[in-house]
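Q: Handing over structure-v4.tsv, TSV, C-alpha atoms and all ligand atoms.
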chain	number	residue	atom	x	y	z
A	63	MET	CA	-33.57	24.79	6.90
A	64	ALA	CA	-30.00	25.43	8.09
A	65	PRO	CA	-28.29	28.40	6.42
A	66	PRO	CA	-25.65	27.44	3.83
A	67	LEU	CA	-22.08	27.13	4.99
A	68	LEU	CA	-20.82	29.27	2.14
A	69	SER	CA	-22.97	31.61	0.13
A	70	LEU	CA	-22.42	34.45	-2.25
A	71	ALA	CA	-24.70	36.74	-4.22
A	72	ASP	CA	-24.08	39.29	-6.97
A	73	LEU	CA	-20.34	38.88	-6.51
A	74	ALA	CA	-17.79	40.55	-8.75
A	75	PHE	CA	-14.01	40.34	-8.61
A	76	THR	CA	-11.53	41.99	-10.96
A	77	TRP	CA	-7.80	41.41	-10.72
A	78	PRO	CA	-5.87	44.71	-10.42
A	79	GLY	CA	-5.00	46.13	-13.81
A	80	GLN	CA	-7.46	43.89	-15.69
A	81	PRO	CA	-10.10	45.54	-17.91
A	82	VAL	CA	-12.89	43.00	-17.25
A	83	PRO	CA	-14.00	41.11	-14.14
A	84	CYS	CA	-12.55	37.66	-13.68
A	85	LEU	CA	-15.70	36.65	-11.77
A	86	ASP	CA	-19.27	37.92	-11.98
A	87	ILE	CA	-21.40	35.37	-10.14
A	88	PRO	CA	-25.11	35.98	-9.44
A	89	ALA	CA	-25.38	33.22	-6.81
A	90	PHE	CA	-23.54	30.20	-5.44
A	91	ALA	CA	-23.88	28.32	-2.15
A	92	VAL	CA	-22.49	25.23	-0.46
A	93	GLY	CA	-24.42	23.52	2.33
A	94	ALA	CA	-23.03	21.89	5.47
A	95	ASP	CA	-21.81	18.32	4.82
A	96	GLU	CA	-22.12	18.89	1.07
A	97	GLN	CA	-19.43	17.62	-1.33
A	98	VAL	CA	-19.19	19.73	-4.48
A	99	PHE	CA	-17.10	19.14	-7.59
A	100	LEU	CA	-16.27	22.46	-9.26
A	101	HIS	CA	-14.82	22.29	-12.74
A	102	GLY	CA	-13.83	24.63	-15.53
A	103	GLU	CA	-11.01	25.11	-17.98
A	104	SER	CA	-7.65	26.60	-17.06
A	105	GLY	CA	-8.00	30.33	-16.45
A	106	SER	CA	-11.77	30.16	-15.82
A	107	GLY	CA	-11.36	31.57	-12.29
A	108	LYS	CA	-11.57	28.45	-10.11
A	109	SER	CA	-8.60	29.33	-7.88
A	110	THR	CA	-9.74	32.96	-7.73
A	111	LEU	CA	-13.17	31.85	-6.48
A	112	LEU	CA	-11.65	29.52	-3.88
A	113	ASN	CA	-9.43	32.35	-2.61
A	114	LEU	CA	-12.51	34.56	-2.24
A	115	LEU	CA	-14.42	31.85	-0.38
A	116	ALA	CA	-11.44	31.31	1.93
A	117	GLY	CA	-11.20	35.04	2.65
A	118	VAL	CA	-7.77	35.42	1.02
A	119	LEU	CA	-9.17	37.81	-1.61
A	120	VAL	CA	-11.99	40.32	-1.17
A	121	PRO	CA	-14.57	41.01	-3.90
A	122	GLN	CA	-15.15	44.53	-5.21
A	123	ARG	CA	-18.92	43.94	-5.14
A	124	GLY	CA	-21.47	41.58	-3.67
A	125	ARG	CA	-22.31	39.51	-0.63
A	126	LEU	CA	-20.06	36.67	0.56
A	127	GLU	CA	-20.85	34.79	3.74
A	128	ALA	CA	-19.08	31.86	5.35
A	129	LEU	CA	-20.67	30.26	8.43
A	130	GLY	CA	-23.06	33.21	8.50
A	131	GLN	CA	-20.23	35.78	8.69
A	132	PRO	CA	-19.85	38.39	5.94
A	133	LEU	CA	-16.17	37.92	5.05
A	134	PRO	CA	-15.61	41.14	3.07
A	135	GLY	CA	-16.63	43.16	6.15
A	136	LEU	CA	-13.85	41.65	8.26
A	137	SER	CA	-10.32	43.03	8.61
A	138	ALA	CA	-7.49	41.11	6.94
A	139	ALA	CA	-6.43	39.79	10.36
A	140	ALA	CA	-9.99	38.64	11.16
A	141	ARG	CA	-10.22	36.89	7.79
A	142	ASP	CA	-6.91	35.12	8.50
A	143	ARG	CA	-8.29	34.01	11.86
A	144	PHE	CA	-11.54	32.83	10.29
A	145	ARG	CA	-9.58	30.80	7.74
A	146	VAL	CA	-7.28	29.04	10.19
A	147	ASP	CA	-10.20	28.31	12.56
A	148	HIS	CA	-12.74	27.05	10.02
A	149	VAL	CA	-11.19	26.24	6.63
A	150	GLY	CA	-8.88	23.40	5.61
A	151	LEU	CA	-7.06	24.31	2.41
A	152	ILE	CA	-5.27	21.96	0.04
A	153	PHE	CA	-3.45	23.99	-2.58
A	154	GLN	CA	-2.51	23.15	-6.16
A	155	GLN	CA	1.15	22.95	-5.06
A	156	PHE	CA	0.38	21.64	-1.50
A	157	ASN	CA	2.44	24.45	0.16
A	158	LEU	CA	4.06	22.21	2.77
A	159	ILE	CA	6.94	23.71	4.76
A	160	PRO	CA	9.85	21.72	3.29
A	161	TYR	CA	12.16	21.63	6.32
A	162	LEU	CA	9.41	20.76	8.83
A	163	SER	CA	8.62	17.12	9.53
A	164	VAL	CA	5.45	15.46	8.29
A	165	LEU	CA	3.96	15.66	11.80
A	166	ASP	CA	4.85	19.33	12.26
A	167	ASN	CA	3.36	20.20	8.89
A	168	VAL	CA	0.10	18.46	9.80
A	169	LEU	CA	0.01	20.23	13.16
A	170	LEU	CA	0.54	23.77	11.77
A	171	PRO	CA	-3.18	24.74	11.95
A	172	CYS	CA	-3.20	23.68	15.62
A	173	ARG	CA	-0.28	26.02	16.31
A	174	PHE	CA	-2.19	28.98	14.92
A	175	SER	CA	-5.73	28.12	16.06
A	176	SER	CA	-6.76	27.16	19.58
A	177	ARG	CA	-10.12	26.10	18.15
A	178	ARG	CA	-8.48	23.61	15.78
A	179	ARG	CA	-6.23	22.44	18.64
A	180	GLN	CA	-9.20	21.81	20.95
A	181	ARG	CA	-11.18	20.00	18.29
A	182	ALA	CA	-8.15	17.85	17.40
A	183	LEU	CA	-7.90	16.84	21.06
A	184	GLU	CA	-11.55	15.74	21.28
A	185	ASN	CA	-10.72	12.33	19.82
A	186	ALA	CA	-7.06	11.93	20.80
A	187	HIS	CA	-5.04	12.16	24.00
A	188	ASP	CA	-2.46	14.49	22.48
A	189	LEU	CA	-1.83	16.37	19.25
A	190	ARG	CA	0.71	13.88	17.98
A	191	ALA	CA	-1.89	11.13	18.32
A	192	ALA	CA	-4.48	13.29	16.52
A	193	ALA	CA	-2.11	13.88	13.60
A	194	GLY	CA	-1.07	10.22	13.66
A	195	GLN	CA	-4.67	9.02	13.36
A	196	LEU	CA	-5.22	11.14	10.27
A	197	LEU	CA	-1.90	10.15	8.71
A	198	ALA	CA	-2.65	6.48	9.29
A	199	HIS	CA	-6.10	6.89	7.70
A	200	LEU	CA	-4.39	8.48	4.73
A	201	ASP	CA	-2.00	5.52	4.46
A	202	LEU	CA	1.12	7.34	5.65
A	203	GLY	CA	3.06	5.00	7.93
A	204	GLU	CA	4.79	6.03	11.14
A	205	ASP	CA	8.22	5.60	9.52
A	206	LEU	CA	7.50	8.82	7.56
A	207	TRP	CA	6.20	11.04	10.33
A	208	LYS	CA	9.58	12.53	11.32
A	209	ARG	CA	10.84	12.94	7.78
A	210	PRO	CA	11.12	16.50	6.38
A	211	ALA	CA	8.35	17.19	3.88
A	212	ALA	CA	10.96	17.96	1.21
A	213	GLN	CA	11.93	14.27	1.19
A	214	LEU	CA	8.49	12.92	0.25
A	215	SER	CA	7.09	11.79	-3.06
A	216	VAL	CA	4.39	13.96	-4.65
A	217	GLY	CA	1.67	11.50	-3.66
A	218	GLN	CA	2.92	11.45	-0.07
A	219	GLN	CA	3.05	15.27	0.05
A	220	GLN	CA	-0.49	15.38	-1.18
A	221	ARG	CA	-1.70	13.15	1.64
A	222	VAL	CA	0.21	15.23	4.21
A	223	ALA	CA	-1.51	18.32	2.79
A	224	ALA	CA	-4.87	16.56	3.19
A	225	ALA	CA	-4.12	15.63	6.82
A	226	ARG	CA	-3.13	19.25	7.50
A	227	ALA	CA	-6.41	20.45	5.98
A	228	LEU	CA	-8.46	17.99	8.06
A	229	ILE	CA	-6.80	18.31	11.48
A	230	GLY	CA	-9.06	19.89	14.08
A	231	ARG	CA	-12.15	19.26	11.94
A	232	PRO	CA	-12.65	22.55	10.06
A	233	GLU	CA	-16.22	22.95	8.79
A	234	ILE	CA	-15.03	23.63	5.24
A	235	VAL	CA	-12.37	21.77	3.24
A	236	ILE	CA	-11.29	23.43	0.00
A	237	ALA	CA	-9.11	21.44	-2.38
A	238	ASP	CA	-7.65	23.21	-5.40
A	239	GLU	CA	-6.75	20.63	-8.01
A	240	PRO	CA	-4.63	18.59	-5.63
A	241	THR	CA	-4.44	15.52	-7.86
A	242	SER	CA	-3.04	16.87	-11.12
A	243	ALA	CA	0.46	15.47	-10.55
A	244	LEU	CA	-0.76	11.90	-9.96
A	245	ASP	CA	-1.58	8.99	-12.22
A	246	ALA	CA	-5.22	8.01	-12.62
A	247	SER	CA	-5.38	5.17	-10.08
A	248	ARG	CA	-3.64	7.28	-7.42
A	249	GLN	CA	-5.96	10.20	-8.16
A	250	ASP	CA	-8.99	7.98	-7.54
A	251	ALA	CA	-7.52	6.53	-4.36
A	252	PHE	CA	-6.70	9.99	-3.00
A	253	LEU	CA	-10.13	11.35	-3.82
A	254	ASP	CA	-11.80	8.38	-2.11
A	255	LEU	CA	-9.69	8.98	1.00
A	256	LEU	CA	-10.38	12.70	1.04
A	257	ARG	CA	-14.12	12.25	0.60
A	258	ARG	CA	-14.26	9.57	3.28
A	259	GLU	CA	-12.33	11.73	5.75
A	260	CYS	CA	-14.52	14.77	5.05
A	261	THR	CA	-17.63	12.65	5.63
A	262	ALA	CA	-16.16	11.32	8.90
A	263	ALA	CA	-15.27	14.85	10.05
A	264	ARG	CA	-18.66	16.17	8.81
A	265	ALA	CA	-16.83	18.81	6.79
A	266	ALA	CA	-18.17	20.26	3.58
A	267	LEU	CA	-15.85	19.62	0.64
A	268	LEU	CA	-15.36	21.94	-2.30
A	269	PHE	CA	-13.12	20.07	-4.74
A	270	VAL	CA	-11.81	21.82	-7.83
A	271	SER	CA	-10.46	20.18	-10.94
A	272	HIS	CA	-10.42	20.62	-14.68
A	273	ASP	CA	-10.50	16.80	-14.95
A	274	GLN	CA	-14.12	15.78	-15.43
A	275	ARG	CA	-13.21	12.14	-14.92
A	276	LEU	CA	-12.88	12.87	-11.19
A	277	ALA	CA	-16.47	14.13	-10.98
A	278	GLU	CA	-17.76	10.58	-10.61
A	279	GLY	CA	-19.08	10.00	-7.12
A	280	PHE	CA	-19.89	13.65	-6.44
A	281	ALA	CA	-23.63	14.19	-6.03
A	282	ARG	CA	-23.22	17.85	-6.98
A	283	ARG	CA	-21.16	19.07	-9.92
A	284	VAL	CA	-20.84	22.72	-10.81
A	285	ALA	CA	-19.33	24.16	-13.99
A	286	MET	CA	-17.67	27.57	-13.71
A	287	GLN	CA	-19.27	28.59	-17.01
A	288	ASP	CA	-22.72	27.96	-15.50
A	289	ILE	CA	-22.20	30.21	-12.46
A	290	ASN	CA	-19.82	32.85	-13.84
A	291	ARG	CA	-21.37	35.44	-16.17
A	292	SER	CA	-17.96	36.91	-16.94
A	293	GLY	CA	-16.42	33.78	-18.39
A	294	GLY	CA	-13.08	34.63	-16.79
A	295	ALA	CA	-10.53	37.22	-17.78
A	296	ALA	CA	-8.60	36.67	-20.98
A	301	LIG	N1	-2.41	37.31	-9.22
A	301	LIG	C1	-3.08	37.56	-10.36
A	301	LIG	N2	-3.01	38.78	-10.95
A	301	LIG	C2	-3.68	39.07	-12.09
A	301	LIG	N3	-4.46	38.16	-12.74
A	301	LIG	C3	-4.56	36.92	-12.21
A	301	LIG	C4	-3.86	36.57	-11.00
A	301	LIG	N4	-4.17	35.26	-10.71
A	301	LIG	C5	-4.97	34.86	-11.69
A	301	LIG	N5	-5.22	35.84	-12.59
A	301	LIG	C6	-6.07	35.76	-13.79
A	301	LIG	O1	-7.38	35.40	-13.41
A	301	LIG	C7	-7.93	34.43	-14.31
A	301	LIG	C8	-8.38	33.21	-13.53
A	301	LIG	O2	-7.23	32.59	-12.96
A	301	LIG	P1	-7.38	31.36	-11.95
A	301	LIG	O3	-6.02	31.08	-11.41
A	301	LIG	O4	-8.46	31.67	-10.97
A	301	LIG	O5	-7.88	30.22	-12.96
A	301	LIG	P2	-8.07	28.64	-12.72
A	301	LIG	O6	-9.44	28.31	-13.21
A	301	LIG	O7	-7.74	28.30	-11.31
A	301	LIG	O8	-6.99	28.02	-13.71
A	301	LIG	P3	-6.09	26.66	-13.55
A	301	LIG	O9	-7.02	25.51	-13.89
A	301	LIG	O10	-5.02	26.86	-14.59
A	301	LIG	O11	-5.56	26.60	-12.16
A	301	LIG	C9	-6.85	34.16	-15.35
A	301	LIG	O12	-7.14	34.91	-16.51
A	301	LIG	C10	-5.57	34.66	-14.70
A	301	LIG	O13	-4.68	35.16	-15.65
A	302	MG	MG	-6.25	27.14	-10.42
Take the structure in the file and give it back as structure tokens.
A:
Amino acid sequence: MAPPLLSLADLAFTWPGQPVPCLDIPAFAVGADEQVFLHGESGSGKSTLLNLLAGVLVPQRGRLEALGQPLPGLSAAARDRFRVDHVGLIFQQFNLIPYLSVLDNVLLPCRFSSRRRQRALENAHDLRAAAGQLLAHLDLGEDLWKRPAAQLSVGQQQRVAAARALIGRPEIVIADEPTSALDASRQDAFLDLLRRECTAARAALLFVSHDQRLAEGFARRVAMQDINRSGGAA
């Protein structure tokens, strides 16, 4: 059997200055091509866990491997490189660069990662075409591509953030509650698009939300309270 894409064992993380661990997780793994819905109430440690899996944070204890590499053993610079090469991140607040155009926002990972750039060029004759294909799949018309990200609606920003996460086919896409600002029908449409694009790119998807309604359609659903012995910091 192929090794999991992400795996952790006996992991503990405590925020500085906090008396109890935020996370104390005996085991959790995500396989290649798997789509996982991770849910838990506000403050249960979902974003903290995603930041550990993406190599932004480092646990105080335990094993944490992504694509077979032990992330805590890497330097901060090597973890940054790993993330830009292999992980597509969609944040709670999208984190687009407001003054950059839609196209330039989508292409940011290709500026920082030659691996993402090469993979983006496998199915397109240039980077603009690669970004354009994704934007078109995500229903963002060409009339928007040159517009600064600051001048987009929330739903449009969300789709730009998804295109930026997907460009250059990272193996892992991590989405941290990216739908909370949208109405129900737009949430469903966005999730359908994201799942379809991850399937097409053969990326694993770890999708986080406190909204159980969105769990529909995910073969695997994980509750923070079932994997986290700590129950989150107060
Ligand atoms: N930078 C930080 N410094 C100290 N404590 C933090 C920090 N970020 C988060 N925490 C604490 O860690 C716990 C988990 O927070 P986290 O943001 O991971 O929760 P969450 O499940 O993502 O919540 P939400 O659904 O509201 O986004 C909370 O108790 C929070 O107060
Ligand atoms: Mg969060």
Q: Can you check which parts of chain A lie within 9 Å of ligand MG 302 (chain A)? Per residue, the shortest pair of atoms and distance in Å to one decimal, counting all atoms listed in the file, sorted by chain and number, as a tab-separated table.
A:
residue	atom	partner	partner_atom	distance
A:Ser104	CA	A:MG302	MG	6.8
A:Gly105	CA	A:MG302	MG	7.0
A:Ser106	CA	A:MG302	MG	8.3
A:Gly107	CA	A:MG302	MG	7.0
A:Lys108	CA	A:MG302	MG	5.5
A:Ser109	CA	A:MG302	MG	4.1
A:Thr110	CA	A:MG302	MG	7.3
A:Leu112	CA	A:MG302	MG	8.8
A:Phe153	CA	A:MG302	MG	8.9
A:Gln154	CA	A:MG302	MG	6.9
A:Asp238	CA	A:MG302	MG	6.5
A:Glu239	CA	A:MG302	MG	7.0
A:Val270	CA	A:MG302	MG	8.1
A:Ser271	CA	A:MG302	MG	8.2
A:His272	CA	A:MG302	MG	8.8
Q: Using only C-alpha atoms and all ligand atoms, find each protein or nucleic acid residue lying at most 12 Å from ligand LIG 301 (chain A); present the set as a PyMOL selection string.
A: chain A and resi 75-86+100-114+118-119+153-155+237-242+269-273+285-287+290+292-296
Q: Please determine, counting all atoms listed in the file, which residue among A:Val120, A:Val216, A:Leu169, A:Ile234 has the shortest atom-to-atom distance to Gly135 (chain A).
A: A:Val120
Q: For the atom pair CA of Ile152 (chain A) and CA of Ala243 (chain A), what is the interatomic distance in Å to one decimal place?
A: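 Separating CA of Ile152 (chain A) from CA of Ala243 (chain A) is a distance of 13.7 Å.
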Q: Determine, counting all atoms listed in the file, which protein, DNA and RNA residues have an atom within 12 Å of an atom of Glu204 (chain A); residues of the same chain fewer than 4 positions away are not included. Present the result as a list in words.
A: Ser163, Val164, Leu165, Arg190, Ala191, Ala193, Gly194, Gln195, Leu196, Leu197, Ala198, His199, Leu200, Lys208 and Arg209 of chain A
Q: Mind pulling up the distance from CA of Leu68 (chain A) to CA of Ala89 (chain A)?
A: 10.8 Å
Q: What is the CA of Arg141 (chain A)-CA of Leu67 (chain A) distance in Å, reported with one decimal?
A: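 One can read the CA of Arg141 (chain A) to CA of Leu67 (chain A) distance as 15.6 Å.
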Q: Compile the contact shell of Gly279 (chain A) as a PyMOL selection string: residues with an atom at most 10 Å away, counting all atoms listed in the file, same-chain residues fewer than 5 positions apart removed.
A: chain A and resi 97+99+253-254+257
Q: Please identify all polymer residues within 8 Å of Val98 (chain A), counting all atoms listed in the file, omitting same-chain residues fewer than 4 positions from it, and present them as a PyMOL selection string.
A: chain A and resi 92+267-269+280-284
Q: Let me see the file: selected residues, C-alpha atoms, as an mmCIF file, in the coordinates of the input.
A:
data_model
loop_
_atom_site.group_PDB
_atom_site.id
_atom_site.type_symbol
_atom_site.label_atom_id
_atom_site.label_comp_id
_atom_site.auth_asym_id
_atom_site.auth_seq_id
_atom_site.Cartn_x
_atom_site.Cartn_y
_atom_site.Cartn_z
ATOM 1 C CA VAL A 92 -22.490 25.230 -0.460
ATOM 2 C CA LEU A 267 -15.850 19.620 0.640
ATOM 3 C CA LEU A 268 -15.360 21.940 -2.300
ATOM 4 C CA PHE A 269 -13.120 20.070 -4.740
ATOM 5 C CA PHE A 280 -19.890 13.650 -6.440
ATOM 6 C CA ALA A 281 -23.630 14.190 -6.030
ATOM 7 C CA ARG A 282 -23.220 17.850 -6.980
ATOM 8 C CA ARG A 283 -21.160 19.070 -9.920
ATOM 9 C CA VAL A 284 -20.840 22.720 -10.810
#
Q: Pick out the closest residue to Ala140 (chain A) from this set: A:Ala94, A:Ala116, A:Arg179, A:Leu162. Count only C-alpha atoms.
A: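 Comparing A:Ala94, A:Ala116, A:Arg179, A:Leu162 against Ala140 (chain A), the winner is A:Ala116.
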Q: With only C-alpha atoms as the basis for distance, which of A:Ala263, A:Ile289, A:Ala246, A:Ile229 is at the shortest distance from Leu183 (chain A)?
A: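 Using only C-alpha atoms, the shortest distance to Leu183 (chain A) belongs to A:Ile229.
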Q: I'd like to know which of A:Leu151, A:Asp205, A:Pro88, A:Asp250 is closest to Glu278 (chain A), using all atoms listed in the file.
A: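 Answer, going by the shortest atom-to-atom distance: A:Asp250.
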Q: So that I can see what lies close to Arg181 (chain A), please list as a list in words the residues with an atom at most 10 Å from it, counting all atoms listed in the file and leaving out residues fewer than 4 positions away in the same chain.
A: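 Close residues of Arg181 (chain A): Cys172, Ser176, Arg177, Asn185, Ala186, Ala192, Ile229, Gly230, Arg231 and Pro232 of chain A.
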Q: Selected residues, C-alpha atoms, written as a PDB file, in the coordinates of the input, please.
A:
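This went into selection15.pdb:
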ATOM      1  CA  CYS A 172      -3.200  23.680  15.620  1.00  0.00           C
ATOM      2  CA  SER A 176      -6.760  27.160  19.580  1.00  0.00           C
ATOM      3  CA  ARG A 177     -10.120  26.100  18.150  1.00  0.00           C
ATOM      4  CA  ASN A 185     -10.720  12.330  19.820  1.00  0.00           C
ATOM      5  CA  ALA A 186      -7.060  11.930  20.800  1.00  0.00           C
ATOM      6  CA  ALA A 192      -4.480  13.290  16.520  1.00  0.00           C
ATOM      7  CA  ILE A 229      -6.800  18.310  11.480  1.00  0.00           C
ATOM      8  CA  GLY A 230      -9.060  19.890  14.080  1.00  0.00           C
ATOM      9  CA  ARG A 231     -12.150  19.260  11.940  1.00  0.00           C
ATOM     10  CA  PRO A 232     -12.650  22.550  10.060  1.00  0.00           C
TER      11      PRO A 232
END
